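This is query.cif. It holds mmCIF, C-alpha atoms.
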data_target
#
loop_
_atom_site.label_atom_id
_atom_site.label_comp_id
_atom_site.auth_asym_id
_atom_site.auth_seq_id
_atom_site.Cartn_x
_atom_site.Cartn_y
_atom_site.Cartn_z
CA MET Y 1 0.00 0.00 0.00
CA THR Y 2 1.12 3.54 -0.63
CA GLN Y 3 1.50 6.02 2.22
CA GLU Y 4 -1.66 7.86 1.08
CA GLU Y 5 -3.65 4.63 1.09
CA LEU Y 6 -2.33 3.74 4.55
CA LEU Y 7 -3.59 7.08 5.91
CA THR Y 8 -7.14 6.05 5.02
CA VAL Y 9 -6.92 2.61 6.65
CA ASN Y 10 -9.35 2.01 9.49
CA ALA Y 11 -7.81 -0.46 11.89
CA ASP Y 12 -10.07 -2.87 13.79
CA THR Y 13 -7.70 -2.89 16.71
CA CYS Y 14 -4.73 -0.82 17.83
CA VAL Y 15 -1.78 -2.03 19.89
CA ASP Y 16 0.14 0.76 21.54
CA ALA Y 17 3.58 -0.69 22.29
CA ARG Y 18 5.44 2.59 22.43
CA GLY Y 19 6.48 1.97 26.04
CA THR Y 20 8.57 -1.10 25.28
CA SER Y 21 11.48 -1.98 23.04
CA CYS Y 22 12.55 -5.23 21.37
CA PRO Y 23 10.98 -7.78 21.69
CA GLY Y 24 8.12 -6.06 23.55
CA PRO Y 25 6.14 -4.74 20.54
CA LEU Y 26 6.20 -8.10 18.76
CA LEU Y 27 5.04 -9.86 21.92
CA ALA Y 28 2.22 -7.34 22.30
CA ALA Y 29 1.23 -7.85 18.65
CA LYS Y 30 1.32 -11.62 19.10
CA LYS Y 31 -1.01 -11.34 22.10
CA ALA Y 32 -3.43 -9.03 20.29
CA ILE Y 33 -3.61 -11.01 17.05
CA GLY Y 34 -5.75 -13.62 18.77
CA THR Y 35 -8.44 -11.05 19.48
CA ILE Y 36 -9.15 -10.17 15.83
CA ASP Y 37 -10.74 -12.20 13.04
CA LYS Y 38 -9.29 -13.17 9.68
CA GLY Y 39 -9.44 -10.23 7.30
CA GLN Y 40 -9.41 -7.62 10.06
CA ILE Y 41 -6.69 -5.00 10.32
CA MET Y 42 -4.37 -4.36 13.24
CA GLU Y 43 -2.40 -1.21 13.88
CA ILE Y 44 0.78 -1.43 15.94
CA LEU Y 45 2.36 1.68 17.40
CA SER Y 46 6.04 1.27 18.20
CA ALA Y 47 8.90 3.61 18.96
CA ASP Y 48 11.35 0.78 18.40
CA GLU Y 49 13.04 0.91 15.01
CA GLY Y 50 13.67 -2.86 14.95
CA THR Y 51 9.93 -3.54 15.04
CA ARG Y 52 9.68 -2.13 11.51
CA ASN Y 53 11.66 -5.12 10.27
CA ASP Y 54 10.42 -7.66 12.80
CA ILE Y 55 6.69 -7.30 12.11
CA PRO Y 56 6.91 -7.97 8.33
CA LYS Y 57 9.07 -11.03 9.05
CA TRP Y 58 6.51 -12.29 11.53
CA CYS Y 59 3.67 -11.61 9.07
CA ASN Y 60 5.53 -13.53 6.39
CA LYS Y 61 5.89 -16.54 8.64
CA LYS Y 62 2.33 -16.48 9.93
CA GLY Y 63 0.71 -15.74 6.58
CA PHE Y 64 -0.60 -12.29 7.52
CA GLU Y 65 -0.43 -9.43 5.08
CA CYS Y 66 1.80 -6.55 6.15
CA LEU Y 67 0.20 -3.45 4.66
CA GLY Y 68 2.98 -0.99 5.41
CA THR Y 69 4.43 1.49 7.86
CA LEU Y 70 3.68 5.13 8.51
CA GLU Y 71 6.37 7.20 10.17
CA GLU Y 72 5.17 9.63 12.80
CA SER Y 73 7.36 11.91 14.85
CA GLY Y 74 9.23 9.57 17.18
CA PHE Y 75 7.28 6.40 16.45
CA TYR Y 76 5.95 4.13 13.72
CA LYS Y 77 2.49 2.93 12.81
CA ILE Y 78 2.62 -0.55 11.31
CA TYR Y 79 -0.47 -2.06 9.69
CA LEU Y 80 -1.21 -5.70 9.09
CA LYS Y 81 -4.17 -7.71 7.86
CA LYS Y 82 -4.83 -11.06 9.50
CA MET R 1 13.14 -57.95 -21.92
CA GLN R 2 9.87 -57.41 -20.09
CA GLN R 3 11.24 -59.28 -17.07
CA VAL R 4 14.14 -56.85 -16.83
CA THR R 5 11.76 -53.86 -16.81
CA GLU R 6 9.74 -55.45 -14.02
CA ILE R 7 12.84 -56.00 -11.93
CA GLN R 8 13.84 -52.38 -12.55
CA ALA R 9 10.39 -51.18 -11.51
CA VAL R 10 10.57 -53.13 -8.26
CA ASP R 11 14.04 -51.69 -7.63
CA PHE R 12 12.79 -48.19 -8.28
CA GLN R 13 9.86 -48.66 -5.93
CA LYS R 14 12.25 -49.84 -3.22
CA GLN R 15 14.51 -46.83 -3.72
CA ILE R 16 11.55 -44.44 -3.66
CA ASP R 17 10.26 -46.00 -0.42
CA ALA R 18 13.69 -45.68 1.17
CA LEU R 19 13.97 -42.04 0.10
CA THR R 20 10.46 -41.20 1.32
CA ALA R 21 11.29 -42.68 4.71
CA LYS R 22 14.54 -40.70 4.82
CA VAL R 23 12.85 -37.41 3.89
CA SER R 24 10.11 -37.79 6.49
CA MET R 25 12.77 -38.61 9.09
CA LEU R 26 14.70 -35.44 8.16
CA GLU R 27 11.50 -33.40 8.33
CA ASP R 28 10.79 -34.74 11.81
CA MET R 29 14.31 -33.95 12.91
CA ASN R 30 14.39 -30.30 11.94
CA GLN R 31 11.45 -28.78 13.71
CA ASP R 32 10.96 -25.06 13.98
CA GLN R 33 12.70 -25.13 17.31
CA LEU R 34 15.50 -23.18 18.99
CA SER R 35 17.68 -24.78 21.64
CA ILE R 36 20.02 -22.65 23.73
CA ALA R 37 22.59 -23.96 26.16
CA VAL R 38 22.87 -21.18 28.75
CA VAL R 39 26.06 -21.68 30.69
CA SER R 40 27.08 -18.15 31.71
CA GLY R 41 25.79 -16.56 34.87
CA ASP R 42 26.40 -12.98 33.77
CA PHE R 43 23.59 -10.48 33.61
CA ASP R 44 24.35 -9.49 30.00
CA LYS R 45 24.46 -13.08 28.78
CA ILE R 46 21.27 -14.15 30.54
CA LEU R 47 19.67 -11.02 29.07
CA ALA R 48 20.82 -11.99 25.57
CA ALA R 49 19.51 -15.53 26.01
CA MET R 50 16.12 -14.25 27.15
CA VAL R 51 15.75 -11.59 24.43
CA ILE R 52 16.60 -14.11 21.71
CA SER R 53 14.26 -16.68 23.25
CA LEU R 54 11.35 -14.25 23.50
CA GLY R 55 11.94 -13.03 19.96
CA ALA R 56 11.92 -16.60 18.68
CA ALA R 57 8.87 -17.51 20.75
CA ALA R 58 7.06 -14.44 19.40
CA MET R 59 7.78 -15.84 15.93
CA ASP R 60 6.11 -19.07 17.07
CA THR R 61 9.36 -20.98 17.19
CA GLU R 62 9.45 -23.50 19.99
CA VAL R 63 12.20 -22.58 22.47
CA LYS R 64 14.06 -24.89 24.79
CA LEU R 65 16.62 -23.53 27.23
CA PHE R 66 19.18 -25.65 28.99
CA PHE R 67 20.51 -23.93 32.11
CA SER R 68 23.84 -25.35 33.15
CA PHE R 69 26.65 -24.45 35.54
CA TRP R 70 26.88 -20.72 36.49
CA SER R 71 23.58 -19.82 34.83
CA ILE R 72 21.60 -21.79 37.44
CA ALA R 73 22.35 -19.05 40.00
CA ALA R 74 20.12 -16.77 37.92
CA LEU R 75 17.16 -19.03 38.66
CA ARG R 76 17.54 -18.93 42.43
CA ASP R 77 14.64 -17.37 44.25
CA PRO R 78 15.96 -14.89 46.84
CA LYS R 79 12.84 -15.41 48.94
CA LYS R 80 13.45 -19.12 49.36
CA SER R 81 15.99 -20.68 51.69
CA VAL R 82 17.00 -24.30 52.07
CA ARG R 83 18.16 -26.24 55.09
CA GLY R 84 20.41 -29.24 55.34
CA LYS R 85 23.26 -28.18 53.07
CA ASN R 86 26.83 -29.29 53.67
CA PHE R 87 29.67 -26.81 54.19
CA ILE R 88 30.75 -26.50 50.57
CA SER R 89 27.19 -26.15 49.33
CA LYS R 90 26.60 -23.44 51.91
CA MET R 91 29.71 -21.60 50.72
CA PHE R 92 28.55 -21.84 47.12
CA GLY R 93 25.17 -20.58 48.20
CA ILE R 94 26.74 -17.51 49.78
CA MET R 95 29.17 -16.79 46.94
CA LEU R 96 26.76 -17.25 44.03
CA PRO R 97 24.31 -14.52 43.08
CA LYS R 98 20.88 -15.09 44.54
CA GLY R 99 18.68 -14.77 41.47
CA TRP R 100 18.62 -12.55 38.41
CA GLU R 101 18.44 -9.33 40.44
CA HIS R 102 21.97 -9.92 41.72
CA LEU R 103 23.78 -10.99 38.56
CA LYS R 104 27.05 -9.32 37.59
CA LEU R 105 28.07 -7.93 34.22
CA SER R 106 30.72 -9.93 32.36
CA THR R 107 32.65 -6.69 31.77
CA MET R 108 32.35 -3.25 33.38
CA ASN R 109 30.74 -4.67 36.49
CA MET R 110 32.54 -2.02 38.58
CA GLY R 111 31.57 -3.54 41.90
CA GLY R 112 27.88 -3.57 41.09
CA VAL R 113 27.67 -0.05 39.66
CA GLY R 114 27.57 -1.38 36.06
CA PRO R 115 24.47 -3.54 36.46
CA ARG R 116 22.65 -0.74 38.25
CA MET R 117 23.48 1.66 35.40
CA ILE R 118 22.40 -0.85 32.77
CA LYS R 119 19.13 -1.52 34.57
CA SER R 120 18.28 2.18 34.75
CA ILE R 121 19.06 2.63 31.04
CA MET R 122 16.98 -0.46 30.21
CA LYS R 123 14.06 1.03 32.10
CA LYS R 124 14.45 4.31 30.26
CA HIS R 125 14.45 2.57 26.88
CA GLY R 126 11.48 0.39 27.76
CA VAL R 127 13.45 -2.86 27.74
CA LEU R 128 11.65 -5.48 29.81
CA SER R 129 13.33 -6.38 33.10
CA LEU R 130 14.66 -9.92 33.51
CA GLU R 131 11.82 -10.61 35.93
CA GLU R 132 9.26 -9.56 33.32
CA MET R 133 11.11 -11.53 30.63
CA PHE R 134 10.98 -14.76 32.64
CA LYS R 135 7.29 -14.14 33.31
CA GLN R 136 6.58 -13.68 29.59
CA ALA R 137 8.75 -16.69 28.76
CA GLY R 138 6.60 -18.80 31.05
CA GLU R 139 3.42 -17.54 29.40
CA LEU R 140 4.81 -18.26 25.93
CA GLY R 141 5.64 -21.82 26.89
CA ILE R 142 9.42 -21.49 26.72
CA GLU R 143 10.79 -24.63 28.32
CA ILE R 144 13.63 -24.49 30.83
CA THR R 145 15.67 -27.59 31.55
CA ILE R 146 18.12 -27.40 34.42
CA CYS R 147 21.23 -29.52 34.42
CA GLU R 148 20.98 -31.98 37.28
CA MET R 149 24.70 -32.60 37.46
CA SER R 150 25.50 -28.87 37.78
CA MET R 151 22.93 -28.50 40.54
CA ASP R 152 24.62 -31.31 42.45
CA LEU R 153 28.08 -29.79 41.93
CA MET R 154 27.04 -26.38 43.22
CA GLY R 155 24.77 -27.70 45.91
CA ILE R 156 21.76 -25.86 44.51
CA LYS R 157 18.51 -27.58 45.45
CA LYS R 158 15.31 -27.43 43.49
CA GLU R 159 13.48 -26.01 46.51
CA GLU R 160 15.43 -22.74 46.14
CA LEU R 161 14.63 -22.22 42.45
CA ILE R 162 12.04 -19.82 41.04
CA ASP R 163 8.49 -20.91 40.34
CA TYR R 164 8.39 -21.36 36.58
CA PRO R 165 5.67 -23.23 34.70
CA ASN R 166 7.71 -25.27 32.20
CA MET R 167 10.72 -26.23 34.23
CA ARG R 168 12.28 -29.64 34.52
CA ILE R 169 15.49 -31.01 35.93
CA ALA R 170 17.27 -33.37 33.59
CA GLY R 171 20.60 -34.40 32.18
CA ALA R 172 22.65 -33.50 29.14
CA VAL R 173 21.16 -36.41 27.21
CA THR R 174 17.73 -34.77 27.35
CA PHE R 175 19.13 -31.55 25.97
CA ALA R 176 21.16 -33.36 23.33
CA GLY R 177 17.88 -34.89 22.19
CA ASP R 178 16.20 -31.47 22.10
CA MET R 179 19.12 -30.05 20.13
CA GLY R 180 18.97 -32.86 17.59
CA GLU R 181 15.42 -32.00 16.65
CA SER R 182 15.97 -28.24 16.58
CA SER R 183 16.59 -26.18 13.48
CA ALA R 184 18.84 -23.81 15.46
CA GLN R 185 21.16 -24.25 18.42
CA LEU R 186 23.00 -21.60 20.41
CA PHE R 187 25.53 -21.66 23.21
CA ILE R 188 25.58 -18.66 25.51
#
Please lay out the structure from this file as structure tokens.
Amino acid sequence: MTQEELLTVNADTCVDARGTSCPGPLLAAKKAIGTIDKGQIMEILSADEGTRNDIPKWCNKKGFECLGTLEESGFYKIYLKK
Amino acid sequence: MQQVTEIQAVDFQKQIDALTAKVSMLEDMNQDQLSIAVVSGDFDKILAAMVISLGAAAMDTEVKLFFSFWSIAALRDPKKSVRGKNFISKMFGIMLPKGWEHLKLSTMNMGGVGPRMIKSIMKKHGVLSLEEMFKQAGELGIEITICEMSMDLMGIKKEELIDYPNMRIAGAVTFAGDMGESSAQLFI
């Protein structure tokens, strides 16, 4: 997805993991993924740069679709579709 | 002529069966599993072992940790005390760190100042504390095996270890078995 398209995405659930660093955000995402249904979208907020690479890798392994990352000031918004 | 073809076909079938058996055996052997032999009892090395384990577990890789020698001191519960130890065991008990809160850094320990500095920086950066990491590890089903022989050598008893859900006391053979079926093995 392009950055413009990502701005219009409405996430079904949002995980705010800005308080933790590696591997905290991924663990938080793993916990939250069980609460959404297939096809729903999850938004992960993380201030940890590594999470940007970790989440797509995790999606790849689990068969989720990583939609992309938006960069905010001081943190990232990562979107994935279950 | 036809007889020869039949013999060849039977041979082929045999070879295919043997190969199929071999492939399924190899598939069984290399599970998506990480085995780590944790031997060091330093704060930084236990931290590395736990971060890697949690990362792997978050990726749904099965994780098996083998705590041996100095690392067992990290699993002592400071709130628990044990009676009936002999002199050497008592000495070991006094000299070894009592749990993860009291571990030393492998370098720049500076009489305990180093670990305190690291812990305050970890907090600032939102890195989970070792206590929190072990808690999460338990929830994620990370398995901890403790080397029985090392416990005997250091006089550490199982009554003084932390409460952890997937903990067992076993020998090197058990871990060697775990390692054999893992796709990745580390030694820390």
### Query
Which one of Y:Thr69, Y:Asn53, Y:Asn60, Y:Thr20 sits closest to Y:Gln3 if you count all atoms listed in the file?
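Residue with the minimum atom-to-atom distance to Y:Gln3: Y:Thr69.
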### Message
Should the cut-off be 9 Å, what would the residue list for chain Y against chain R look like, counting all atoms listed in the file, as a PyMOL selection string?
### Response
chain Y and resi 18-24+26-27+29-30+57-58+61-62
Store the residues picked out above in a file with C-alpha atoms, as a compact mmCIF listing (two decimals), in the frame of the given file.
# COMPACT_ATOMS: atom_id res chain seq x y z
CA ARG Y 18 5.44 2.59 22.43
CA GLY Y 19 6.48 1.97 26.04
CA THR Y 20 8.57 -1.10 25.28
CA SER Y 21 11.48 -1.98 23.04
CA CYS Y 22 12.55 -5.23 21.37
CA PRO Y 23 10.98 -7.78 21.69
CA GLY Y 24 8.12 -6.06 23.55
CA LEU Y 26 6.20 -8.10 18.76
CA LEU Y 27 5.04 -9.86 21.92
CA ALA Y 29 1.23 -7.85 18.65
CA LYS Y 30 1.32 -11.62 19.10
CA LYS Y 57 9.07 -11.03 9.05
CA TRP Y 58 6.51 -12.29 11.53
CA LYS Y 61 5.89 -16.54 8.64
CA LYS Y 62 2.33 -16.48 9.93
Can you pull out the residues contacting Y:Thr35? Cut-off 12 Å, using all atoms listed in the file, and skip same-chain residues under 4 positions away; I want them as a tab-separated table (two decimals) with C-alpha atoms, keeping the file's coordinate frame.
chain	number	residue	atom	x	y	z
Y	12	ASP	CA	-10.07	-2.87	13.79
Y	13	THR	CA	-7.70	-2.89	16.71
Y	14	CYS	CA	-4.73	-0.82	17.83
Y	15	VAL	CA	-1.78	-2.03	19.89
Y	28	ALA	CA	2.22	-7.34	22.30
Y	29	ALA	CA	1.23	-7.85	18.65
Y	30	LYS	CA	1.32	-11.62	19.10
Y	31	LYS	CA	-1.01	-11.34	22.10
Y	40	GLN	CA	-9.41	-7.62	10.06
Y	41	ILE	CA	-6.69	-5.00	10.32
Y	42	MET	CA	-4.37	-4.36	13.24
Y	82	LYS	CA	-4.83	-11.06	9.50
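Comparing the minimum interatomic distances between R:Phe187 and each of R:Lys14, R:Lys45, R:Lys158, R:Lys22, counting only C-alpha atoms, we find that R:Lys45 sits nearest.
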### Query
Can you list what the PyMOL selection byres ((chain R and resi 161) around 6) grabs from this structure, as number ranges by chain?
R: 75-77, 158-160, 162
Given the file shown, enumerate the residues that the PyMOL selection byres ((chain Y and resi 79) around 6) captures and present them as a compact mmCIF listing (two decimals) with C-alpha atoms, in the coordinates of the input.
# COMPACT_ATOMS: atom_id res chain seq x y z
CA MET Y 42 -4.37 -4.36 13.24
CA GLU Y 43 -2.40 -1.21 13.88
CA LEU Y 67 0.20 -3.45 4.66
CA GLY Y 68 2.98 -0.99 5.41
CA ILE Y 78 2.62 -0.55 11.31
CA LEU Y 80 -1.21 -5.70 9.09
### Task
Please indicate the distance in Å from atom CA of R:Ala18 to atom CA of R:Ala184, rounded to one decimal place.
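Atom-to-atom, atom CA of R:Ala18 and atom CA of R:Ala184 are spaced 26.6 Å apart.
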### Message
Would you compute the distance between atom CA of R:Glu143 and atom CA of R:Ile46? Give it in Å to one decimal.
### Response
15.0 Å
### Task
Could you jot down the atom CA of Y:Phe75 to atom CA of Y:Glu49 separation for me, Å, one decimal place?
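Value for the atom CA of Y:Phe75-atom CA of Y:Glu49 distance: 8.1 Å.
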Taking (1.2, 0.5, 20.6) in the file's coordinates, which residues come within 6 Å, counting all atoms listed in the file, written as a compact mmCIF listing (two decimals) with C-alpha atoms, keeping the file's coordinate frame?
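The resulting file, part-v1.txt, is reproduced below:
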# COMPACT_ATOMS: atom_id res chain seq x y z
CA VAL Y 15 -1.78 -2.03 19.89
CA ASP Y 16 0.14 0.76 21.54
CA ALA Y 17 3.58 -0.69 22.29
CA ARG Y 18 5.44 2.59 22.43
CA ILE Y 44 0.78 -1.43 15.94
CA LEU Y 45 2.36 1.68 17.40
CA SER Y 46 6.04 1.27 18.20
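Once the PyMOL selection byres ((chain Y and resi 65) around 6) is applied to this file, the selection holds Phe64, Cys66, Leu80 and Lys81 of chain Y.
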### Query
R:Lys85: which residues within 10 Å, counting only C-alpha atoms, same-chain residues fewer than 6 positions away excluded, as a VMD selection string?
chain R and resid 91 93 155 to 157
Write the residues of the preceding selection, restricted to C-alpha atoms, as an mmCIF file, in the coordinates of the input.
data_model
loop_
_atom_site.group_PDB
_atom_site.id
_atom_site.type_symbol
_atom_site.label_atom_id
_atom_site.label_comp_id
_atom_site.auth_asym_id
_atom_site.auth_seq_id
_atom_site.Cartn_x
_atom_site.Cartn_y
_atom_site.Cartn_z
ATOM 1 C CA MET R 91 29.710 -21.600 50.720
ATOM 2 C CA GLY R 93 25.170 -20.580 48.200
ATOM 3 C CA GLY R 155 24.770 -27.700 45.910
ATOM 4 C CA ILE R 156 21.760 -25.860 44.510
ATOM 5 C CA LYS R 157 18.510 -27.580 45.450
#
### Task
Within 12 Å of (24.5, -13.0, 43.2) (coordinates as in the file), grab all the protein and nucleic acid residues, counting all atoms listed in the file, and write them out as a list in words.
Gly41, Asp42, Phe43, Trp70, Ser71, Ile72, Ala73, Ala74, Leu75, Arg76, Asp77, Pro78, Phe92, Gly93, Ile94, Met95, Leu96, Pro97, Lys98, Gly99, Trp100, Glu101, His102, Leu103, Lys104, Leu105, Gly111, Gly112 and Pro115 of chain R
### Message
From the options Y:Pro25, Y:Gly50, Y:Glu71, Y:Lys77, which residue's atoms come nearest to Y:Ala11, counting only C-alpha atoms?
### Response
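Result for the nearest residue to Y:Ala11: Y:Lys77.
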### Residue with smallest distance to R:Ser129 - pool R:Ile7, R:Leu47, R:Ala37, R:Ile16, counting all atoms listed in the file
R:Leu47
